[in-house]
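This is structure_37.txt (compact mmCIF, C-alpha atoms).
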# COMPACT_ATOMS: atom_id res chain seq x y z
CA MET S 1 0.00 0.00 0.00
CA LYS S 2 1.26 3.47 -0.80
CA VAL S 3 -0.02 6.43 1.20
CA ARG S 4 0.67 10.14 1.05
CA ALA S 5 -0.62 12.44 3.79
CA ILE S 6 -0.07 16.14 3.24
CA LEU S 7 -1.14 19.03 5.45
CA ARG S 8 -2.68 21.91 3.48
CA ASP S 9 -4.41 24.84 5.22
CA ALA S 10 -4.98 22.90 8.45
CA THR S 11 -6.50 19.91 6.61
CA VAL S 12 -4.62 16.69 5.97
CA GLN S 13 -5.20 15.36 2.43
CA VAL S 14 -4.61 11.63 2.21
CA LYS S 15 -4.24 9.59 -0.95
CA MET S 16 -3.77 5.85 -0.85
CA LEU S 17 -3.25 3.13 -3.41
CA ILE S 18 -3.67 -0.43 -2.18
CA LYS S 19 -2.54 -3.35 -4.28
CA HIS S 20 -5.46 -5.81 -4.19
CA PRO S 21 -7.29 -7.89 -6.81
CA MET S 22 -10.75 -6.94 -5.50
CA GLU S 23 -12.02 -10.14 -7.09
CA THR S 24 -15.78 -9.96 -7.23
CA GLY S 25 -16.45 -13.67 -6.96
CA ARG S 26 -18.52 -13.55 -10.13
CA ARG S 27 -15.80 -13.93 -12.73
CA LYS S 28 -14.88 -17.27 -14.28
CA ASP S 29 -11.54 -18.53 -15.51
CA GLU S 30 -11.00 -20.02 -18.98
CA GLU S 31 -12.30 -23.39 -17.79
CA GLY S 32 -15.51 -21.92 -16.41
CA ASN S 33 -14.56 -22.14 -12.73
CA ILE S 34 -15.60 -19.23 -10.55
CA LEU S 35 -12.69 -17.15 -9.31
CA PRO S 36 -13.32 -16.90 -5.57
CA ALA S 37 -14.30 -13.54 -4.10
CA HIS S 38 -11.33 -11.72 -2.66
CA TYR S 39 -11.89 -8.09 -1.84
CA ILE S 40 -11.18 -5.53 0.84
CA THR S 41 -14.13 -5.03 3.16
CA GLU S 42 -12.95 -2.22 5.41
CA ILE S 43 -10.36 0.52 5.51
CA LYS S 44 -9.56 2.62 8.52
CA ALA S 45 -7.23 5.46 9.43
CA VAL S 46 -6.25 6.54 12.95
CA CYS S 47 -4.36 9.64 14.02
CA LYS S 48 -3.47 10.56 17.60
CA GLY S 49 -5.79 7.92 19.00
CA ASP S 50 -8.87 8.94 17.01
CA ASP S 51 -10.40 7.26 13.99
CA VAL S 52 -10.24 9.83 11.24
CA PHE S 53 -11.54 7.66 8.39
CA ARG S 54 -13.65 4.53 8.15
CA ALA S 55 -14.88 2.98 4.96
CA GLU S 56 -16.81 -0.16 4.12
CA VAL S 57 -16.02 -1.27 0.63
CA GLY S 58 -16.56 -4.34 -1.51
CA PRO S 59 -16.50 -5.73 -5.03
CA GLY S 60 -17.87 -2.48 -6.45
CA VAL S 61 -14.56 -0.78 -5.77
CA SER S 62 -11.98 -1.10 -8.54
CA MET S 63 -8.99 -3.41 -8.41
CA ASP S 64 -6.02 -1.78 -6.68
CA PRO S 65 -8.23 0.60 -4.76
CA TYR S 66 -7.32 4.24 -4.99
CA ILE S 67 -9.03 6.27 -2.31
CA SER S 68 -8.52 9.77 -1.08
CA PHE S 69 -9.99 11.53 1.91
CA ALA S 70 -9.25 14.46 4.20
CA PHE S 71 -9.36 15.18 7.90
CA ASP S 72 -8.64 17.98 10.37
CA GLY S 73 -6.94 18.25 13.72
CA ALA S 74 -3.44 17.02 12.91
CA ASN S 75 -0.07 18.54 12.14
CA THR S 76 3.02 17.80 10.10
CA GLY S 77 5.09 15.23 11.92
CA ASP S 78 2.03 13.42 13.32
CA THR S 79 1.66 9.74 12.45
CA LEU S 80 -1.30 8.44 10.50
CA THR S 81 -1.97 4.70 10.70
CA ILE S 82 -3.90 3.21 7.78
CA SER S 83 -5.18 -0.34 7.80
CA TRP S 84 -7.41 -2.54 5.70
CA LYS S 85 -9.00 -6.00 6.04
CA ASP S 86 -10.40 -8.25 3.36
CA ASN S 87 -13.02 -10.99 3.19
CA LYS S 88 -10.36 -13.69 3.59
CA GLY S 89 -9.11 -12.17 6.83
CA GLU S 90 -5.98 -10.74 5.25
CA SER S 91 -4.92 -7.28 6.32
CA GLU S 92 -2.23 -4.67 6.08
CA THR S 93 -1.27 -1.72 8.26
CA LEU S 94 1.01 1.16 7.40
CA ASP S 95 2.16 4.20 9.36
CA VAL S 96 2.92 7.40 7.51
CA VAL S 97 4.15 10.71 8.80
CA ILE S 98 2.09 13.73 7.77
CA SER S 99 4.20 16.04 5.64
CA GLY S 100 3.81 19.71 4.77
CA ALA S 101 2.60 20.90 1.36
CA MET V 1 -11.24 -13.16 -21.05
CA GLY V 2 -11.36 -10.16 -23.38
CA ILE V 3 -8.71 -7.48 -23.38
CA SER V 4 -5.41 -8.89 -22.14
CA ARG V 5 -4.15 -7.46 -18.87
CA ARG V 6 -0.85 -6.41 -20.42
CA HIS V 7 -2.64 -4.47 -23.13
CA PHE V 8 -4.94 -2.86 -20.60
CA LEU V 9 -2.10 -1.85 -18.30
CA LYS V 10 -0.06 -0.49 -21.20
CA THR V 11 -2.89 1.63 -22.48
CA VAL V 12 -5.31 2.70 -19.75
CA GLY V 13 -3.81 1.46 -16.51
CA GLY V 14 -0.59 3.41 -16.64
CA SER V 15 -2.26 6.70 -17.41
CA ILE V 16 -4.88 6.24 -14.71
CA ALA V 17 -2.27 5.34 -12.11
CA CYS V 18 -0.12 8.33 -13.02
CA ALA V 19 -3.02 10.74 -13.29
CA THR V 20 -4.60 9.77 -10.02
CA LEU V 21 -1.37 9.72 -8.02
CA ALA V 22 -0.51 13.14 -9.39
CA GLY V 23 -3.99 14.34 -8.43
CA VAL V 24 -4.80 15.32 -11.99
CA THR V 25 -8.42 15.27 -13.13
CA LEU V 26 -8.90 12.68 -15.85
CA PRO V 27 -10.26 13.94 -19.16
CA GLY V 28 -14.00 13.57 -19.41
CA SER V 29 -14.60 14.33 -15.71
CA VAL V 30 -17.32 16.91 -15.38
CA MET V 31 -18.21 18.65 -12.16
CA ALA V 32 -21.91 18.60 -11.46
CA LYS V 33 -23.52 20.07 -8.37
CA GLY V 34 -26.51 18.03 -7.32
CA GLY V 35 -26.37 15.99 -10.50
CA ASP V 36 -29.23 14.64 -12.54
CA ASP V 37 -32.79 14.46 -11.43
CA HIS V 38 -33.28 10.71 -11.19
CA ALA V 39 -35.41 9.07 -8.55
CA LEU V 40 -33.78 6.15 -6.78
CA SER V 41 -34.52 2.78 -8.31
CA ASP V 42 -36.25 0.13 -6.17
CA ASN V 43 -32.96 -1.71 -6.09
CA VAL V 44 -31.05 1.22 -4.65
CA ASN V 45 -33.90 2.22 -2.35
CA ALA V 46 -33.78 -1.24 -0.82
CA ALA V 47 -30.01 -1.03 -0.36
CA VAL V 48 -30.33 2.41 1.28
CA LYS V 49 -33.02 1.13 3.61
CA ALA V 50 -30.90 -1.91 4.51
CA LYS V 51 -28.10 0.39 5.55
CA TYR V 52 -29.90 3.33 7.14
CA GLY V 53 -33.35 2.09 7.99
CA ALA V 54 -36.52 3.72 6.74
CA LEU V 55 -35.45 7.36 7.05
CA PRO V 56 -36.96 9.93 4.70
CA ILE V 57 -34.77 10.76 1.69
CA GLU V 58 -34.71 14.23 0.22
CA LYS V 59 -33.05 15.38 -2.98
CA SER V 60 -30.25 17.87 -2.29
CA ASP V 61 -28.28 20.26 -4.43
CA ARG V 62 -25.64 20.52 -1.73
CA ILE V 63 -24.02 17.25 -2.71
CA GLN V 64 -21.30 17.59 -5.32
CA ILE V 65 -20.55 14.60 -7.51
CA LYS V 66 -17.62 14.58 -9.88
CA ALA V 67 -17.68 11.65 -12.29
CA PRO V 68 -17.10 11.19 -16.00
CA GLU V 69 -20.12 11.59 -18.26
CA ILE V 70 -18.74 8.68 -20.25
CA ALA V 71 -16.52 6.11 -18.59
CA GLU V 72 -14.45 4.33 -21.21
CA ASN V 73 -13.73 1.51 -18.84
CA GLY V 74 -16.38 0.53 -16.32
CA ALA V 75 -13.73 -1.25 -14.27
CA PHE V 76 -12.18 2.05 -13.24
CA VAL V 77 -14.61 4.93 -12.89
CA PRO V 78 -13.11 7.81 -10.90
CA VAL V 79 -15.63 9.54 -8.66
CA SER V 80 -15.40 12.30 -6.10
CA VAL V 81 -18.16 13.15 -3.68
CA SER V 82 -18.33 16.10 -1.34
CA THR V 83 -21.05 18.00 0.43
CA ASP V 84 -21.52 21.25 2.29
CA LEU V 85 -24.51 19.96 4.24
CA PRO V 86 -23.91 20.43 7.96
CA GLY V 87 -23.76 17.59 10.48
CA VAL V 88 -22.82 14.84 8.03
CA THR V 89 -22.21 11.44 9.58
CA SER V 90 -22.26 9.15 6.56
CA ILE V 91 -21.80 9.13 2.80
CA SER V 92 -22.56 6.11 0.67
CA ILE V 93 -22.33 5.44 -3.04
CA TYR V 94 -24.52 3.12 -5.11
CA ALA V 95 -24.35 1.90 -8.71
CA ASP V 96 -27.79 0.85 -9.78
CA ALA V 97 -26.83 -1.79 -12.33
CA ASN V 98 -24.18 -3.52 -10.23
CA PHE V 99 -24.93 -6.96 -8.81
CA THR V 100 -24.56 -5.43 -5.36
CA PRO V 101 -25.82 -1.87 -5.63
CA ILE V 102 -23.87 -0.49 -2.67
CA VAL V 103 -20.33 0.29 -3.71
CA ALA V 104 -18.83 1.98 -0.66
CA SER V 105 -19.86 3.77 2.47
CA PHE V 106 -17.91 6.19 4.60
CA ASP V 107 -18.39 7.11 8.23
CA ILE V 108 -17.84 10.85 8.51
CA LEU V 109 -16.33 11.14 11.96
CA PRO V 110 -15.83 14.37 13.88
CA LYS V 111 -12.46 15.05 12.24
CA THR V 112 -13.29 13.64 8.79
CA ARG V 113 -14.10 16.04 5.99
CA PRO V 114 -17.17 15.04 3.96
CA ASP V 115 -15.05 14.71 0.83
CA VAL V 116 -13.97 11.39 -0.66
CA SER V 117 -12.62 10.18 -3.99
CA LEU V 118 -12.22 6.66 -5.24
CA ARG V 119 -12.39 4.47 -8.32
CA ILE V 120 -15.44 2.30 -8.65
CA ARG V 121 -16.71 -0.42 -10.93
CA MET V 122 -19.83 0.08 -12.93
CA ALA V 123 -21.28 -2.94 -14.72
CA LYS V 124 -22.90 -0.81 -17.41
CA THR V 125 -24.43 2.59 -18.05
CA SER V 126 -26.54 3.45 -15.05
CA ASN V 127 -27.13 5.93 -12.30
CA MET V 128 -24.60 6.47 -9.60
CA ASP V 129 -26.49 7.55 -6.51
CA VAL V 130 -25.00 9.22 -3.47
CA ILE V 131 -26.70 9.23 -0.09
CA VAL V 132 -25.57 11.60 2.65
CA LYS V 133 -26.80 11.21 6.19
CA ALA V 134 -26.89 14.52 8.01
CA GLY V 135 -28.71 14.82 11.32
CA ASP V 136 -31.63 12.40 11.17
CA LYS V 137 -32.23 12.78 7.49
CA LEU V 138 -30.94 11.28 4.29
CA TYR V 139 -30.15 13.41 1.28
CA ARG V 140 -29.54 12.18 -2.23
CA ALA V 141 -27.96 13.20 -5.49
CA SER V 142 -27.36 11.21 -8.66
CA ARG V 143 -25.36 11.20 -11.84
CA GLU V 144 -25.88 9.01 -14.84
CA VAL V 145 -22.58 7.54 -15.96
CA LYS V 146 -22.41 6.05 -19.44
CA VAL V 147 -20.13 3.06 -19.61
CA THR V 148 -18.66 1.82 -22.89
CA ILE V 149 -16.90 -1.31 -21.60
CA GLY V 150 -18.63 -2.93 -18.62
CA GLY V 151 -16.73 -2.98 -15.37
CA CYS V 152 -17.25 -6.30 -13.72
CA GLY V 153 -15.23 -8.48 -16.08
CA GLY V 154 -18.02 -10.99 -16.56
Could I get this structure in the form of structure tokens?
Amino acid sequence: MKVRAILRDATVQVKMLIKHPMETGRRKDEEGNILPAHYITEIKAVCKGDDVFRAEVGPGVSMDPYISFAFDGANTGDTLTISWKDNKGESETLDVVISGA
Amino acid sequence: MGISRRHFLKTVGGSIACATLAGVTLPGSVMAKGGDDHALSDNVNAAVKAKYGALPIEKSDRIQIKAPEIAENGAFVPVSVSTDLPGVTSISIYADANFTPIVASFDILPKTRPDVSLRIRMAKTSNMDVIVKAGDKLYRASREVKVTIGGCGG
């Protein structure tokens, strides 16, 4: 997962790109077998002990999800922790430091 | 299987990845405040009710939806949603023709700005509906997005 968190005018702008197949569970391979569903179900971001972002997603979100959001109440140098979980119980967590514009 | 992945990545994928990471608006994106005047389909209405309960839903022109008028590839439709309604606690996005109409939902927490962007899949030309929960009410706005190549790979 790649994340950029940049403080602009007191608001932190976050852009993330998560490598994930987001397999819908409705596609078939060349032999006609269903490719099992494999998609991120939730994404969360925490800063200074507070949740600052929470999303429920699913197969309607594109492969390699690109998501951007914004939040207030943080400064450059603060740490933002982003995490996601998928329907198979896989997950990833990443800490990024908020940078200035 | 259709278009090979290498061909797709060489043509569309690279430009989308670069454009989105650089924060550049993709060509064909048109800003619309409040969007089109489409009522919610039964499908989407049911999905909204499943998520929020039977709250009244009012059309709002204070929800801004940015989405392409024509999405060349339904597998990657860039959308941005923001609102200046006060007291927002939730934003959710629906694509009427998708197998599962609800695409994503966002809790707007005290520090979260009601402003999100993401890439979604749209199975075919249909309405994209946005629901915003503010106070005890639901507000809606819609855009029709035309899709030339369907987005679910089926």
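Atom CA of Val132 of chain V sits 24.2 Å away from atom CA of Ala10 of chain S.
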Checklist entry - Which chain V residues are at most 10 Å from chain S (counting all atoms listed in the file), as a ChimeraX atom specification? => result /V:1,17,20-23,74-80,90-95,98-123,151-154
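When atom CA of Asn43 of chain V is paired with atom CA of His38 of chain S, their separation reads 24.1 Å.
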Checklist outcome for this item: Residue with the minimum atom-to-atom distance to Ser41 of chain V, picked from V:Ile70, V:Ala54, V:Met128, V:Val88 with all atoms listed in the file counted, is V:Met128
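Counting all atoms listed in the file, the residue from S:Thr81, S:Asn33, S:Asn87, S:Thr76 that sits nearest to Ser99 of chain S is S:Thr76.
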Checklist outcome for this item: Here atom CA of Ile82 of chain S and atom CA of Ile18 of chain S stand apart by 10.6 Å
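When all atoms listed in the file are used to measure the gap to Asp42 of chain V, the shortest distance among V:Ala97, V:Ile63, V:Leu55, V:Ala71 belongs to V:Ala97.
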Segment 128-151 of chain V rebuilt with N, CA and C atoms, output as a PDB file, in the frame of the given file:
ATOM      1  N   MET V 128     -25.381   6.585 -10.825  1.00  0.00           N
ATOM      2  CA  MET V 128     -24.600   6.470  -9.600  1.00  0.00           C
ATOM      3  C   MET V 128     -25.334   7.365  -8.604  1.00  0.00           C
ATOM      4  N   ASP V 129     -25.735   6.792  -7.505  1.00  0.00           N
ATOM      5  CA  ASP V 129     -26.490   7.550  -6.510  1.00  0.00           C
ATOM      6  C   ASP V 129     -25.632   7.744  -5.265  1.00  0.00           C
ATOM      7  N   VAL V 130     -25.729   8.927  -4.701  1.00  0.00           N
ATOM      8  CA  VAL V 130     -25.000   9.220  -3.470  1.00  0.00           C
ATOM      9  C   VAL V 130     -26.019   9.542  -2.392  1.00  0.00           C
ATOM     10  N   ILE V 131     -25.835   8.939  -1.235  1.00  0.00           N
ATOM     11  CA  ILE V 131     -26.700   9.230  -0.090  1.00  0.00           C
ATOM     12  C   ILE V 131     -25.817   9.845   0.985  1.00  0.00           C
ATOM     13  N   VAL V 132     -26.283  10.949   1.552  1.00  0.00           N
ATOM     14  CA  VAL V 132     -25.570  11.600   2.650  1.00  0.00           C
ATOM     15  C   VAL V 132     -26.501  11.593   3.847  1.00  0.00           C
ATOM     16  N   LYS V 133     -25.998  11.116   4.964  1.00  0.00           N
ATOM     17  CA  LYS V 133     -26.800  11.210   6.190  1.00  0.00           C
ATOM     18  C   LYS V 133     -26.310  12.418   6.970  1.00  0.00           C
ATOM     19  N   ALA V 134     -27.229  13.321   7.253  1.00  0.00           N
ATOM     20  CA  ALA V 134     -26.890  14.520   8.010  1.00  0.00           C
ATOM     21  C   ALA V 134     -28.017  14.725   9.020  1.00  0.00           C
ATOM     22  N   GLY V 135     -27.669  14.765  10.291  1.00  0.00           N
ATOM     23  CA  GLY V 135     -28.710  14.820  11.320  1.00  0.00           C
ATOM     24  C   GLY V 135     -29.501  13.521  11.224  1.00  0.00           C
ATOM     25  N   ASP V 136     -30.817  13.614  11.252  1.00  0.00           N
ATOM     26  CA  ASP V 136     -31.630  12.400  11.170  1.00  0.00           C
ATOM     27  C   ASP V 136     -32.175  12.171   9.797  1.00  0.00           C
ATOM     28  N   LYS V 137     -31.645  12.885   8.821  1.00  0.00           N
ATOM     29  CA  LYS V 137     -32.230  12.780   7.490  1.00  0.00           C
ATOM     30  C   LYS V 137     -31.212  12.257   6.484  1.00  0.00           C
ATOM     31  N   LEU V 138     -31.757  11.715   5.412  1.00  0.00           N
ATOM     32  CA  LEU V 138     -30.940  11.280   4.290  1.00  0.00           C
ATOM     33  C   LEU V 138     -31.170  12.232   3.128  1.00  0.00           C
ATOM     34  N   TYR V 139     -30.083  12.546   2.451  1.00  0.00           N
ATOM     35  CA  TYR V 139     -30.150  13.410   1.280  1.00  0.00           C
ATOM     36  C   TYR V 139     -29.555  12.663   0.116  1.00  0.00           C
ATOM     37  N   ARG V 140     -30.061  12.931  -1.088  1.00  0.00           N
ATOM     38  CA  ARG V 140     -29.540  12.180  -2.230  1.00  0.00           C
ATOM     39  C   ARG V 140     -29.203  13.078  -3.400  1.00  0.00           C
ATOM     40  N   ALA V 141     -28.279  12.588  -4.205  1.00  0.00           N
ATOM     41  CA  ALA V 141     -27.960  13.200  -5.490  1.00  0.00           C
ATOM     42  C   ALA V 141     -27.526  12.067  -6.409  1.00  0.00           C
ATOM     43  N   SER V 142     -27.673  12.268  -7.700  1.00  0.00           N
ATOM     44  CA  SER V 142     -27.360  11.210  -8.660  1.00  0.00           C
ATOM     45  C   SER V 142     -26.647  11.747  -9.873  1.00  0.00           C
ATOM     46  N   ARG V 143     -25.892  10.884 -10.522  1.00  0.00           N
ATOM     47  CA  ARG V 143     -25.360  11.200 -11.840  1.00  0.00           C
ATOM     48  C   ARG V 143     -25.550   9.970 -12.685  1.00  0.00           C
ATOM     49  N   GLU V 144     -25.921  10.152 -13.945  1.00  0.00           N
ATOM     50  CA  GLU V 144     -25.880   9.010 -14.840  1.00  0.00           C
ATOM     51  C   GLU V 144     -24.466   8.919 -15.392  1.00  0.00           C
ATOM     52  N   VAL V 145     -23.894   7.753 -15.362  1.00  0.00           N
ATOM     53  CA  VAL V 145     -22.580   7.540 -15.960  1.00  0.00           C
ATOM     54  C   VAL V 145     -22.755   6.549 -17.095  1.00  0.00           C
ATOM     55  N   LYS V 146     -22.334   6.963 -18.302  1.00  0.00           N
ATOM     56  CA  LYS V 146     -22.410   6.050 -19.440  1.00  0.00           C
ATOM     57  C   LYS V 146     -21.132   5.229 -19.443  1.00  0.00           C
ATOM     58  N   VAL V 147     -21.284   3.947 -19.662  1.00  0.00           N
ATOM     59  CA  VAL V 147     -20.130   3.060 -19.610  1.00  0.00           C
ATOM     60  C   VAL V 147     -19.997   2.365 -20.953  1.00  0.00           C
ATOM     61  N   THR V 148     -18.823   2.458 -21.573  1.00  0.00           N
ATOM     62  CA  THR V 148     -18.660   1.820 -22.890  1.00  0.00           C
ATOM     63  C   THR V 148     -18.211   0.372 -22.750  1.00  0.00           C
ATOM     64  N   ILE V 149     -17.252   0.089 -21.854  1.00  0.00           N
ATOM     65  CA  ILE V 149     -16.900  -1.310 -21.600  1.00  0.00           C
ATOM     66  C   ILE V 149     -17.263  -1.621 -20.168  1.00  0.00           C
ATOM     67  N   GLY V 150     -18.127  -2.607 -19.958  1.00  0.00           N
ATOM     68  CA  GLY V 150     -18.630  -2.930 -18.620  1.00  0.00           C
ATOM     69  C   GLY V 150     -17.534  -3.275 -17.635  1.00  0.00           C
ATOM     70  N   GLY V 151     -17.787  -2.989 -16.376  1.00  0.00           N
ATOM     71  CA  GLY V 151     -16.730  -2.980 -15.370  1.00  0.00           C
ATOM     72  C   GLY V 151     -16.579  -4.194 -14.492  1.00  0.00           C
TER      73      GLY V 151
END
